[in-house]
Structure formats: structure tokens, C-alpha cells
>>> print(open('coords-v1.txt').read())   # compact mmCIF, C-alpha atoms
# COMPACT_ATOMS: atom_id res chain seq x y z
CA MET A 1 145.28 92.24 1.74
CA ILE A 2 143.91 95.69 0.90
CA THR A 3 143.54 96.86 -2.70
CA SER A 4 143.04 100.61 -2.74
CA PRO A 5 145.02 103.62 -4.02
CA ASP A 6 146.46 104.07 -0.51
CA TYR A 7 147.72 100.50 -0.19
CA ALA A 8 151.44 100.48 -0.97
CA LEU A 9 151.76 96.75 -1.71
CA THR A 10 148.77 95.97 -3.92
CA ASN A 11 148.25 92.45 -5.26
CA ALA A 12 147.70 93.96 -8.72
CA TRP A 13 151.48 94.37 -9.08
CA GLU A 14 152.79 91.97 -11.73
CA ARG A 15 155.19 90.22 -9.31
CA ALA A 16 152.89 90.26 -6.29
CA ARG A 17 152.29 86.51 -6.23
CA ARG A 18 155.99 85.77 -5.93
CA ARG A 19 156.38 88.48 -3.28
CA LEU A 20 153.54 86.98 -1.22
CA THR A 21 155.12 83.54 -1.45
CA GLY A 22 158.35 84.96 -0.04
CA LEU A 23 156.45 86.71 2.76
CA GLU A 24 154.77 83.43 3.67
CA GLN A 25 158.07 81.56 3.78
CA THR A 26 159.56 84.27 5.99
CA TYR A 27 156.79 84.51 8.59
CA ASP A 28 154.62 81.37 8.41
CA PRO A 29 156.79 79.14 10.65
CA THR A 30 156.49 81.44 13.67
CA THR A 31 152.85 82.25 12.93
CA ARG A 32 152.04 78.54 12.97
CA ARG A 33 153.94 78.08 16.21
CA ARG A 34 152.07 80.93 17.87
CA LEU A 35 148.68 79.66 16.70
CA SER A 36 149.45 76.17 17.96
CA ALA A 37 150.49 77.58 21.34
CA LEU A 38 147.04 79.16 21.71
CA GLY A 39 145.54 75.67 21.90
CA LEU A 40 144.34 75.36 18.30
CA ALA A 41 142.51 72.05 18.03
CA PRO A 42 140.16 70.05 15.81
CA GLY A 43 136.67 71.52 15.78
CA TRP A 44 137.72 75.15 16.19
CA LYS A 45 135.99 77.83 14.16
CA CYS A 46 138.60 80.30 12.86
CA LEU A 47 138.63 83.68 11.14
CA GLU A 48 141.67 84.60 9.00
CA VAL A 49 141.51 88.29 8.03
CA GLY A 50 143.66 89.61 5.21
CA ALA A 51 144.21 86.05 4.03
CA GLY A 52 146.48 87.02 1.11
CA ALA A 53 147.72 83.98 -0.79
CA GLY A 54 146.05 81.63 1.69
CA SER A 55 148.91 79.74 3.33
CA ILE A 56 147.72 80.27 6.90
CA ALA A 57 144.06 79.71 6.01
CA ARG A 58 145.08 76.44 4.36
CA TRP A 59 147.12 75.36 7.38
CA LEU A 60 144.32 76.30 9.80
CA GLY A 61 141.89 74.22 7.77
CA GLU A 62 144.18 71.23 8.08
CA GLN A 63 144.56 71.72 11.84
CA VAL A 64 140.87 72.10 12.74
CA GLY A 65 139.81 69.21 10.50
CA PRO A 66 136.38 68.42 9.08
CA SER A 67 134.67 69.20 12.40
CA GLY A 68 136.09 72.75 12.34
CA SER A 69 135.95 75.61 9.86
CA VAL A 70 137.93 78.60 8.62
CA SER A 71 136.56 81.83 7.16
CA ALA A 72 139.26 83.41 4.95
CA VAL A 73 138.44 87.08 4.40
CA ASP A 74 140.12 89.48 1.99
CA LEU A 75 139.19 92.32 -0.31
CA ASP A 76 141.22 90.65 -3.07
CA VAL A 77 140.51 86.90 -3.06
CA SER A 78 142.41 86.09 -6.26
CA GLY A 79 145.15 84.33 -4.29
CA LEU A 80 142.77 82.13 -2.30
CA ARG A 81 142.72 78.97 -4.41
CA ASP A 82 142.98 75.21 -3.82
CA LEU A 83 141.95 75.45 -0.17
CA PRO A 84 140.53 72.63 1.96
CA ALA A 85 136.79 72.04 1.85
CA ASN A 86 136.38 73.43 5.37
CA VAL A 87 137.85 76.83 4.35
CA GLU A 88 135.25 79.33 3.16
CA VAL A 89 136.51 82.28 1.11
CA ARG A 90 134.71 85.55 1.68
CA GLN A 91 135.40 88.74 -0.25
CA ALA A 92 134.87 91.65 2.13
CA ASP A 93 136.28 94.98 3.25
CA VAL A 94 136.76 94.74 7.01
CA ARG A 95 136.80 98.52 7.22
CA SER A 96 133.11 98.66 6.35
CA ASP A 97 131.61 95.17 5.98
CA PRO A 98 130.28 93.51 9.14
CA LEU A 99 131.81 90.40 10.64
CA PRO A 100 129.87 87.76 12.58
CA GLU A 101 129.89 88.61 16.29
CA ALA A 102 130.81 86.18 19.09
CA ALA A 103 131.29 83.48 16.46
CA PHE A 104 134.95 82.36 16.40
CA ASP A 105 137.32 80.41 18.63
CA LEU A 106 140.27 82.08 16.90
CA VAL A 107 140.77 85.34 15.00
CA HIS A 108 144.11 86.01 13.28
CA ALA A 109 145.50 88.83 11.14
CA ARG A 110 149.07 89.49 10.01
CA LEU A 111 150.47 92.70 8.51
CA LEU A 112 146.97 94.07 8.05
CA LEU A 113 146.02 96.71 10.60
CA ASN A 114 149.06 98.93 10.02
CA HIS A 115 147.82 99.54 6.46
CA LEU A 116 144.37 100.73 7.58
CA ALA A 117 143.56 104.27 8.67
CA GLU A 118 140.56 102.73 10.47
CA ARG A 119 142.79 100.23 12.28
CA GLU A 120 141.35 100.70 15.77
CA ALA A 121 137.76 100.36 14.56
CA VAL A 122 138.74 97.20 12.70
CA LEU A 123 140.43 95.90 15.84
CA ASP A 124 137.15 96.41 17.69
CA ARG A 125 135.40 94.28 15.04
CA LEU A 126 138.00 91.53 15.36
CA VAL A 127 137.57 91.41 19.13
CA ALA A 128 133.77 91.40 18.79
CA ALA A 129 134.03 88.44 16.41
CA LEU A 130 135.49 86.27 19.18
CA ARG A 131 133.20 84.07 21.21
CA PRO A 132 133.73 84.22 25.01
CA GLY A 133 137.02 82.45 25.66
CA GLY A 134 138.10 82.86 22.03
CA ARG A 135 141.71 83.73 21.19
CA LEU A 136 143.06 86.65 19.15
CA LEU A 137 146.49 86.73 17.48
CA LEU A 138 147.69 89.87 15.71
CA GLU A 139 151.11 90.25 14.06
CA GLU A 140 152.23 93.66 12.85
CA GLY A 141 155.42 95.13 11.46
CA ASP A 142 157.56 97.67 13.29
CA THR A 143 160.73 99.59 12.47
CA PHE A 144 162.43 98.47 15.69
CA SER A 145 164.17 96.00 13.38
CA ILE A 146 166.00 98.77 11.50
CA GLY A 147 168.10 99.53 14.56
CA ALA A 148 169.21 95.89 14.63
CA ILE A 149 170.54 95.93 11.07
CA ASP A 150 174.25 96.59 11.21
CA GLU A 151 175.72 93.65 9.31
CA ASP A 152 175.88 95.53 5.98
CA PRO A 153 175.53 99.28 5.28
CA ASP A 154 173.82 98.76 1.92
CA HIS A 155 171.22 96.50 3.50
CA ALA A 156 170.58 99.02 6.26
CA ARG A 157 170.15 101.84 3.71
CA ALA A 158 167.78 99.78 1.56
CA MET A 159 165.61 98.76 4.51
CA ARG A 160 165.43 102.33 5.82
CA ALA A 161 164.40 103.54 2.36
CA TRP A 162 161.78 100.77 2.23
CA CYS A 163 160.28 101.86 5.56
CA ASP A 164 160.36 105.54 4.60
CA VAL A 165 158.19 104.86 1.54
CA LEU A 166 155.90 102.50 3.42
CA ALA A 167 155.40 105.19 6.07
CA THR A 168 153.60 107.36 3.50
CA ALA A 169 150.75 104.82 3.40
CA ALA A 170 150.97 102.84 6.66
CA ASP A 171 151.86 103.10 10.33
CA VAL A 172 155.30 101.46 10.22
CA ASP A 173 155.58 101.54 14.04
CA PHE A 174 152.18 100.04 14.74
CA GLY A 175 153.53 96.80 16.21
CA ARG A 176 154.80 98.45 19.38
CA LYS A 177 151.33 99.93 20.01
CA LEU A 178 149.53 96.59 19.85
CA PRO A 179 150.02 95.38 23.44
CA TRP A 180 148.24 98.35 24.97
CA LEU A 181 145.52 98.34 22.31
CA VAL A 182 144.75 94.69 23.05
CA VAL A 183 144.81 95.15 26.83
CA SER A 184 142.62 98.25 26.61
CA ARG A 185 139.89 96.20 24.93
CA GLY A 186 139.57 93.94 27.94
CA LEU A 187 141.39 90.88 26.63
CA THR A 188 143.15 88.68 29.16
CA ASP A 189 146.06 86.20 29.07
CA VAL A 190 147.91 88.69 26.88
CA GLY A 191 151.19 87.51 25.40
CA VAL A 192 153.71 89.59 23.44
CA GLU A 193 156.62 88.52 21.22
CA CYS A 194 159.05 90.39 18.99
CA GLU A 195 160.44 88.63 15.92
CA LEU A 196 163.32 89.56 13.65
CA PRO A 197 163.65 86.86 10.97
CA TYR A 198 166.85 86.46 8.97
CA ALA A 199 167.14 85.03 5.46
CA GLU A 200 170.16 83.54 3.72
CA GLY A 201 171.37 85.12 0.51
CA GLY A 202 170.02 83.45 -2.62
CA SER A 203 166.86 82.23 -0.87
CA LEU A 204 163.23 83.12 -1.39
CA GLY A 205 163.47 85.11 1.84
CA THR A 206 166.00 87.55 0.38
CA GLU A 207 164.16 87.56 -2.94
CA TRP A 208 161.12 88.75 -0.96
CA LEU A 209 163.17 91.65 0.41
CA ALA A 210 164.22 92.67 -3.09
CA LEU A 211 160.70 92.33 -4.51
CA THR A 212 159.17 94.40 -1.71
CA PHE A 213 161.80 97.06 -2.27
CA ASP A 214 161.08 97.06 -6.02
CA GLN A 215 157.34 97.48 -5.50
CA LEU A 216 157.83 100.34 -3.06
CA ASN A 217 160.47 101.93 -5.28
CA GLU A 218 158.06 101.87 -8.22
CA ARG A 219 155.45 103.56 -6.02
CA ALA A 220 158.00 106.30 -5.28
CA GLY A 221 158.94 106.77 -8.93
CA GLY A 222 162.28 104.97 -8.62
CA GLN A 223 163.77 107.72 -6.49
CA ILE A 224 164.25 106.19 -3.06
CA LEU A 225 167.86 105.02 -3.45
CA ASP A 226 170.63 105.47 -6.01
CA ALA A 227 170.97 102.77 -8.67
CA GLU A 228 174.55 101.87 -7.69
CA THR A 229 173.59 101.08 -4.10
CA ILE A 230 170.55 99.07 -5.22
CA GLU A 231 172.64 96.97 -7.62
CA ARG A 232 175.34 96.35 -5.00
CA TRP A 233 172.71 95.40 -2.38
CA LYS A 234 170.88 92.99 -4.68
CA ASP A 235 174.16 91.32 -5.63
CA LYS A 236 174.78 90.69 -1.93
CA LEU A 237 171.23 89.39 -1.41
CA ALA A 238 171.94 86.73 -4.03
CA GLN A 239 175.04 85.36 -2.28
CA PRO A 240 174.57 82.11 -0.28
CA GLY A 241 176.32 82.16 3.07
CA ARG A 242 175.35 85.78 3.84
CA TRP A 243 172.40 86.47 6.13
CA PHE A 244 170.08 89.47 6.09
CA ALA A 245 167.52 90.78 8.58
CA SER A 246 163.93 91.17 7.40
CA LEU A 247 161.20 93.44 8.69
CA GLY A 248 160.53 92.88 12.39
CA LEU A 249 157.13 91.89 13.75
CA VAL A 250 155.39 92.34 17.09
CA ALA A 251 152.92 89.56 17.83
CA VAL A 252 150.21 90.01 20.47
CA SER A 253 147.71 87.40 21.62
CA GLY A 254 144.83 87.59 24.05
CA ARG A 255 141.66 85.88 25.23
CA ARG A 256 138.18 87.36 25.22
CA ALA A 257 136.60 87.11 28.67
>>> encode(input="coords-v1.txt", output="C-alpha cells")
Amino acid sequence: MITSPDYALTNAWERARRRLTGLEQTYDPTTRRRLSALGLAPGWKCLEVGAGAGSIARWLGEQVGPSGSVSAVDLDVSGLRDLPANVEVRQADVRSDPLPEAAFDLVHARLLLNHLAEREAVLDRLVAALRPGGRLLLEEGDTFSIGAIDEDPDHARAMRAWCDVLATAADVDFGRKLPWLVVSRGLTDVGVECELPYAEGGSLGTEWLALTFDQLNERAGGQILDAETIERWKDKLAQPGRWFASLGLVAVSGRRA
């Protein structure tokens, strides 16, 4: 995670921990599946960048075992607690602080690069951190998902307002640019997936949607959507049996030659 005046979803927000927990529940299952498909095995040395609340760093540590290691890097490490002994926490700013070169079997980042103005330079550092044959997995948000939201007009309006505010501080369409950026850096065995997770009303997944909206709405001075629509939308989000689309992701993997 990035903590700077330009970061729209800072961990300093009073409900950030709960929001991060909802984000993990929404995206961790497919992230774990993708990482496993890359051949993740005991003994691997892994780099988790933008480690957030630590769920993927923790899981990686369990997968690589005592013969492997995980370096969990973030500018704000307050959420990185109770991790396995083979997970090392490092406070660093990947925009300026160096990373070890040719050192890792796996490098992973999720919802990180789109928040960074220096995203392509950081991508170069992530690629350089891979040893020959090492695998990269990047997962970034993209507004392609907004066009798929037609099940409820209030939900569509809220998600569009969310992305409009986020666009003032991030590249909300960065996911679709990832495949070419990875290929252009010489990686091979490139794989691309698009993901549009859904969450049932009354779950932590829909609570995450509401919390993210609230944080962005506070950033915008409470002006991004009328109060009546917000109240009606949140009432729907709380109803079991209804399903709501989240923010879509584009996931790109590749191998360093």
C-alpha cells in the first residue's frame, strides 16, 4: 500500500483495516489459484510488493515452507503482523528504494502499480528482481467491469462514481495496459486473465464495496452521489440473496528469460 497525499485509499483511514479485510476476501481466492498455477513450491524465494494486511504474504510463507522465504514490502507495514517466521517484513518505497536484483523465484503485486505515477519504472524494478526463470504475477484494476454492471441502476451509479473519484489519483484503466507492458519487457510464457468477482448482499464482500465508496466519498468532500441514492444502494448491499459486481481485475503473468 502507498501512504502519500496522492493515494486515495490510505491505511490511515479509521476503517481501513476492515476495508482491507474485505478486499482480501474478494480477491485472495483467485490470487492464490494463479500463484499456484505458476508452479509455486517449497523452497521458493518470493517478493510480495504492496503487502497490505499480509494475507498473501502469509499464504506464500505457508506454501514455500521453512526452506523458502517471503519478503513482504510496503511503505506502511502496520498491517503486517503475526506472519510466519519465513516472512520478512521490509518497510520501503518501491518508487525510490532499491530492490534486490535477480533474487526471487516469484514477484507478485496486486492493485499497486495503478496508484503510482512512476508505475513503469517500478515495473522495471519488479522484473529486475526476478532471477532467470523467475515468475511475475501482476493484478490491476480496470473499469471494464463498469460496463458489465447492469443488474441494479443504483449499484452501477455508485461504482461509476467510485471510479470517477479514484481516477483523480490513479490510472483506473491500467489493467488493460499490462499485457503489452509485460511483453515489452521481454518476459515469456505470458498469461492474461480478466476477473469480475461478485459478492452476495450482507457479506464482507459487499461491505468492502460500501467501505471503499465511503473512503473515496470522504476524499471528494461527500459530493460524489446524492444521499438518497447512497442510502438506497447500501440497503440493497445488505440484503442476502442479491449479488453485486465488484471492481474488475486484469491479471498478467510472465517468466523472465
>>> closest_residue(input="coords-v1.txt", among="A:Gly254, A:Gly186, A:Pro153, A:Pro66", to="A:Arg135", atoms="only C-alpha atoms")
A:Gly254
>>> closest_residue(input="coords-v1.txt", among="A:Ser253, A:Ser69, A:Gln25, A:Thr143", to="A:Arg176", atoms="all atoms listed in the file")
A:Thr143
>>> closest_residue(input="coords-v1.txt", among="A:Asn217, A:Val192, A:Ile224, A:Gly79", to="A:Arg18", atoms="only C-alpha atoms")
A:Gly79
>>> closest_residue(input="coords-v1.txt", among="A:Leu99, A:Leu60, A:Glu48, A:Arg219", to="A:Asp74", atoms="all atoms listed in the file")
A:Glu48
>>> closest_residue(input="coords-v1.txt", among="A:Ala156, A:Asp93, A:Val165, A:Leu130", to="A:Leu187", atoms="all atoms listed in the file")
A:Leu130
>>> closest_residue(input="coords-v1.txt", among="A:Val64, A:Ile146, A:Leu75, A:Ala37", to="A:Trp162", atoms="all atoms listed in the file")
A:Ile146
>>> atom_distance(input="coords-v1.txt", atom1="atom CA of A:Arg232", atom2="atom CA of A:Trp208")
16.6 Å
>>> residues_around(input="coords-v1.txt", residues="A:Pro197", least_positions_apart="5", cutoff="9 Å", atoms="all atoms listed in the file", output="list of chain:residue names")
A:Thr26, A:Tyr27, A:Phe244, A:Ala245, A:Ser246, A:Leu247, A:Gly248, A:Leu249
>>> residues_around(input="coords-v1.txt", residues="A:Leu83", least_positions_apart="6", cutoff="10 Å", atoms="only C-alpha atoms", output="ChimeraX atom specification")
/A:54-55,57-59,61-62,72,89
>>> write_last_selection(input="coords-v1.txt", atoms="C-alpha atoms", output="mmCIF file, in the coordinates of the input")
data_model
loop_
_atom_site.group_PDB
_atom_site.id
_atom_site.type_symbol
_atom_site.label_atom_id
_atom_site.label_comp_id
_atom_site.auth_asym_id
_atom_site.auth_seq_id
_atom_site.Cartn_x
_atom_site.Cartn_y
_atom_site.Cartn_z
ATOM 1 C CA GLY A 54 146.050 81.630 1.690
ATOM 2 C CA SER A 55 148.910 79.740 3.330
ATOM 3 C CA ALA A 57 144.060 79.710 6.010
ATOM 4 C CA ARG A 58 145.080 76.440 4.360
ATOM 5 C CA TRP A 59 147.120 75.360 7.380
ATOM 6 C CA GLY A 61 141.890 74.220 7.770
ATOM 7 C CA GLU A 62 144.180 71.230 8.080
ATOM 8 C CA ALA A 72 139.260 83.410 4.950
ATOM 9 C CA VAL A 89 136.510 82.280 1.110
#
>>> residues_around(input="coords-v1.txt", residues="stretch 112-119 of chain A", least_positions_apart="4", cutoff="10 Å", atoms="only C-alpha atoms", output="VMD selection string")
chain A and resid 1 to 2 6 to 9 49 to 52 94 to 96 123 to 125 138 to 142 166 to 167 169 to 175 178
>>> atom_distance(input="coords-v1.txt", atom1="atom CA of A:Arg185", atom2="atom CA of A:Gln91")
26.6 Å
>>> atom_distance(input="coords-v1.txt", atom1="atom CA of A:Leu40", atom2="atom CA of A:Gln63")
7.4 Å
>>> residues_near_point(input="coords-v1.txt", point="(164.8, 94.1, -3.9)", cutoff="9 Å", atoms="all atoms listed in the file", output="list of chain:residue names")
A:Ala158, A:Thr206, A:Glu207, A:Trp208, A:Leu209, A:Ala210, A:Leu211, A:Thr212, A:Phe213, A:Asp214, A:Gln215, A:Ile230, A:Trp233, A:Lys234, A:Leu237
>>> write_last_selection(input="coords-v1.txt", atoms="C-alpha atoms", output="compact mmCIF listing (two decimals), in the coordinates of the input")
# COMPACT_ATOMS: atom_id res chain seq x y z
CA ALA A 158 167.78 99.78 1.56
CA THR A 206 166.00 87.55 0.38
CA GLU A 207 164.16 87.56 -2.94
CA TRP A 208 161.12 88.75 -0.96
CA LEU A 209 163.17 91.65 0.41
CA ALA A 210 164.22 92.67 -3.09
CA LEU A 211 160.70 92.33 -4.51
CA THR A 212 159.17 94.40 -1.71
CA PHE A 213 161.80 97.06 -2.27
CA ASP A 214 161.08 97.06 -6.02
CA GLN A 215 157.34 97.48 -5.50
CA ILE A 230 170.55 99.07 -5.22
CA TRP A 233 172.71 95.40 -2.38
CA LYS A 234 170.88 92.99 -4.68
CA LEU A 237 171.23 89.39 -1.41
>>> decode(input="coords-v1.txt", residues="stretch 67-90 of chain A", atoms="N, CA, C and O atoms", output="PDB file, in the first residue's frame")
ATOM      1  N   SER A  67      12.109 -24.003   4.027  1.00  0.00           N
ATOM      2  CA  SER A  67      13.237 -23.926   3.091  1.00  0.00           C
ATOM      3  C   SER A  67      13.110 -22.754   2.131  1.00  0.00           C
ATOM      4  O   SER A  67      14.049 -22.438   1.394  1.00  0.00           O
ATOM      5  N   GLY A  68      11.942 -22.084   2.117  1.00  0.00           N
ATOM      6  CA  GLY A  68      11.732 -20.915   1.275  1.00  0.00           C
ATOM      7  C   GLY A  68      11.628 -19.653   2.112  1.00  0.00           C
ATOM      8  O   GLY A  68      11.778 -19.677   3.334  1.00  0.00           O
ATOM      9  N   SER A  69      11.374 -18.533   1.434  1.00  0.00           N
ATOM     10  CA  SER A  69      11.272 -17.260   2.149  1.00  0.00           C
ATOM     11  C   SER A  69      10.379 -16.306   1.375  1.00  0.00           C
ATOM     12  O   SER A  69      10.190 -16.447   0.161  1.00  0.00           O
ATOM     13  N   VAL A  70       9.833 -15.331   2.114  1.00  0.00           N
ATOM     14  CA  VAL A  70       8.996 -14.291   1.522  1.00  0.00           C
ATOM     15  C   VAL A  70       9.462 -12.950   2.063  1.00  0.00           C
ATOM     16  O   VAL A  70       9.626 -12.779   3.268  1.00  0.00           O
ATOM     17  N   SER A  71       9.678 -11.991   1.172  1.00  0.00           N
ATOM     18  CA  SER A  71       9.948 -10.610   1.558  1.00  0.00           C
ATOM     19  C   SER A  71       8.677  -9.811   1.302  1.00  0.00           C
ATOM     20  O   SER A  71       8.239  -9.694   0.150  1.00  0.00           O
ATOM     21  N   ALA A  72       8.044  -9.313   2.380  1.00  0.00           N
ATOM     22  CA  ALA A  72       6.799  -8.554   2.287  1.00  0.00           C
ATOM     23  C   ALA A  72       7.130  -7.070   2.403  1.00  0.00           C
ATOM     24  O   ALA A  72       7.542  -6.599   3.462  1.00  0.00           O
ATOM     25  N   VAL A  73       6.951  -6.341   1.312  1.00  0.00           N
ATOM     26  CA  VAL A  73       7.389  -4.945   1.231  1.00  0.00           C
ATOM     27  C   VAL A  73       6.181  -4.024   1.180  1.00  0.00           C
ATOM     28  O   VAL A  73       5.227  -4.255   0.437  1.00  0.00           O
ATOM     29  N   ASP A  74       6.225  -2.973   1.978  1.00  0.00           N
ATOM     30  CA  ASP A  74       5.181  -1.952   1.943  1.00  0.00           C
ATOM     31  C   ASP A  74       5.741  -0.684   2.565  1.00  0.00           C
ATOM     32  O   ASP A  74       6.661  -0.745   3.377  1.00  0.00           O
ATOM     33  N   LEU A  75       5.163   0.441   2.173  1.00  0.00           N
ATOM     34  CA  LEU A  75       5.528   1.705   2.805  1.00  0.00           C
ATOM     35  C   LEU A  75       4.906   1.818   4.193  1.00  0.00           C
ATOM     36  O   LEU A  75       5.491   2.387   5.113  1.00  0.00           O
ATOM     37  N   ASP A  76       3.699   1.258   4.337  1.00  0.00           N
ATOM     38  CA  ASP A  76       3.014   1.199   5.629  1.00  0.00           C
ATOM     39  C   ASP A  76       2.953  -0.261   6.051  1.00  0.00           C
ATOM     40  O   ASP A  76       2.205  -1.057   5.473  1.00  0.00           O
ATOM     41  N   VAL A  77       3.734  -0.641   7.049  1.00  0.00           N
ATOM     42  CA  VAL A  77       3.812  -2.049   7.463  1.00  0.00           C
ATOM     43  C   VAL A  77       2.969  -2.332   8.701  1.00  0.00           C
ATOM     44  O   VAL A  77       3.093  -3.404   9.307  1.00  0.00           O
ATOM     45  N   SER A  78       2.088  -1.409   9.066  1.00  0.00           N
ATOM     46  CA  SER A  78       1.311  -1.580  10.297  1.00  0.00           C
ATOM     47  C   SER A  78       0.380  -2.781  10.238  1.00  0.00           C
ATOM     48  O   SER A  78       0.010  -3.332  11.282  1.00  0.00           O
ATOM     49  N   GLY A  79      -0.022  -3.194   9.039  1.00  0.00           N
ATOM     50  CA  GLY A  79      -0.909  -4.341   8.910  1.00  0.00           C
ATOM     51  C   GLY A  79      -0.197  -5.669   8.822  1.00  0.00           C
ATOM     52  O   GLY A  79      -0.855  -6.720   8.775  1.00  0.00           O
ATOM     53  N   LEU A  80       1.120  -5.664   8.793  1.00  0.00           N
ATOM     54  CA  LEU A  80       1.891  -6.891   8.591  1.00  0.00           C
ATOM     55  C   LEU A  80       2.310  -7.460   9.945  1.00  0.00           C
ATOM     56  O   LEU A  80       3.425  -7.254  10.423  1.00  0.00           O
ATOM     57  N   ARG A  81       1.378  -8.199  10.545  1.00  0.00           N
ATOM     58  CA  ARG A  81       1.586  -8.765  11.880  1.00  0.00           C
ATOM     59  C   ARG A  81       1.278 -10.252  11.865  1.00  0.00           C
ATOM     60  O   ARG A  81       0.541 -10.744  11.016  1.00  0.00           O
ATOM     61  N   ASP A  82       1.853 -10.965  12.847  1.00  0.00           N
ATOM     62  CA  ASP A  82       1.563 -12.395  13.041  1.00  0.00           C
ATOM     63  C   ASP A  82       1.815 -13.207  11.776  1.00  0.00           C
ATOM     64  O   ASP A  82       0.988 -14.043  11.367  1.00  0.00           O
ATOM     65  N   LEU A  83       2.947 -12.968  11.150  1.00  0.00           N
ATOM     66  CA  LEU A  83       3.323 -13.675   9.927  1.00  0.00           C
ATOM     67  C   LEU A  83       4.249 -14.845  10.251  1.00  0.00           C
ATOM     68  O   LEU A  83       4.914 -14.853  11.290  1.00  0.00           O
ATOM     69  N   PRO A  84       4.321 -15.843   9.367  1.00  0.00           N
ATOM     70  CA  PRO A  84       5.229 -16.962   9.611  1.00  0.00           C
ATOM     71  C   PRO A  84       6.677 -16.502   9.734  1.00  0.00           C
ATOM     72  O   PRO A  84       7.057 -15.430   9.240  1.00  0.00           O
ATOM     73  N   ALA A  85       7.491 -17.347  10.367  1.00  0.00           N
ATOM     74  CA  ALA A  85       8.884 -16.986  10.621  1.00  0.00           C
ATOM     75  C   ALA A  85       9.675 -16.771   9.338  1.00  0.00           C
ATOM     76  O   ALA A  85      10.675 -16.042   9.337  1.00  0.00           O
ATOM     77  N   ASN A  86       9.239 -17.397   8.246  1.00  0.00           N
ATOM     78  CA  ASN A  86       9.980 -17.256   6.987  1.00  0.00           C
ATOM     79  C   ASN A  86       9.529 -16.048   6.165  1.00  0.00           C
ATOM     80  O   ASN A  86       9.955 -15.889   5.014  1.00  0.00           O
ATOM     81  N   VAL A  87       8.668 -15.193   6.729  1.00  0.00           N
ATOM     82  CA  VAL A  87       8.235 -13.961   6.062  1.00  0.00           C
ATOM     83  C   VAL A  87       8.936 -12.783   6.718  1.00  0.00           C
ATOM     84  O   VAL A  87       8.746 -12.510   7.902  1.00  0.00           O
ATOM     85  N   GLU A  88       9.746 -12.091   5.940  1.00  0.00           N
ATOM     86  CA  GLU A  88      10.461 -10.905   6.416  1.00  0.00           C
ATOM     87  C   GLU A  88       9.703  -9.657   5.985  1.00  0.00           C
ATOM     88  O   GLU A  88       9.370  -9.491   4.803  1.00  0.00           O
ATOM     89  N   VAL A  89       9.405  -8.781   6.922  1.00  0.00           N
ATOM     90  CA  VAL A  89       8.718  -7.530   6.629  1.00  0.00           C
ATOM     91  C   VAL A  89       9.750  -6.442   6.385  1.00  0.00           C
ATOM     92  O   VAL A  89      10.661  -6.239   7.193  1.00  0.00           O
ATOM     93  N   ARG A  90       9.582  -5.733   5.276  1.00  0.00           N
ATOM     94  CA  ARG A  90      10.510  -4.655   4.943  1.00  0.00           C
ATOM     95  C   ARG A  90       9.719  -3.393   4.613  1.00  0.00           C
ATOM     96  O   ARG A  90       8.872  -3.404   3.710  1.00  0.00           O
TER      97      ARG A  90
END
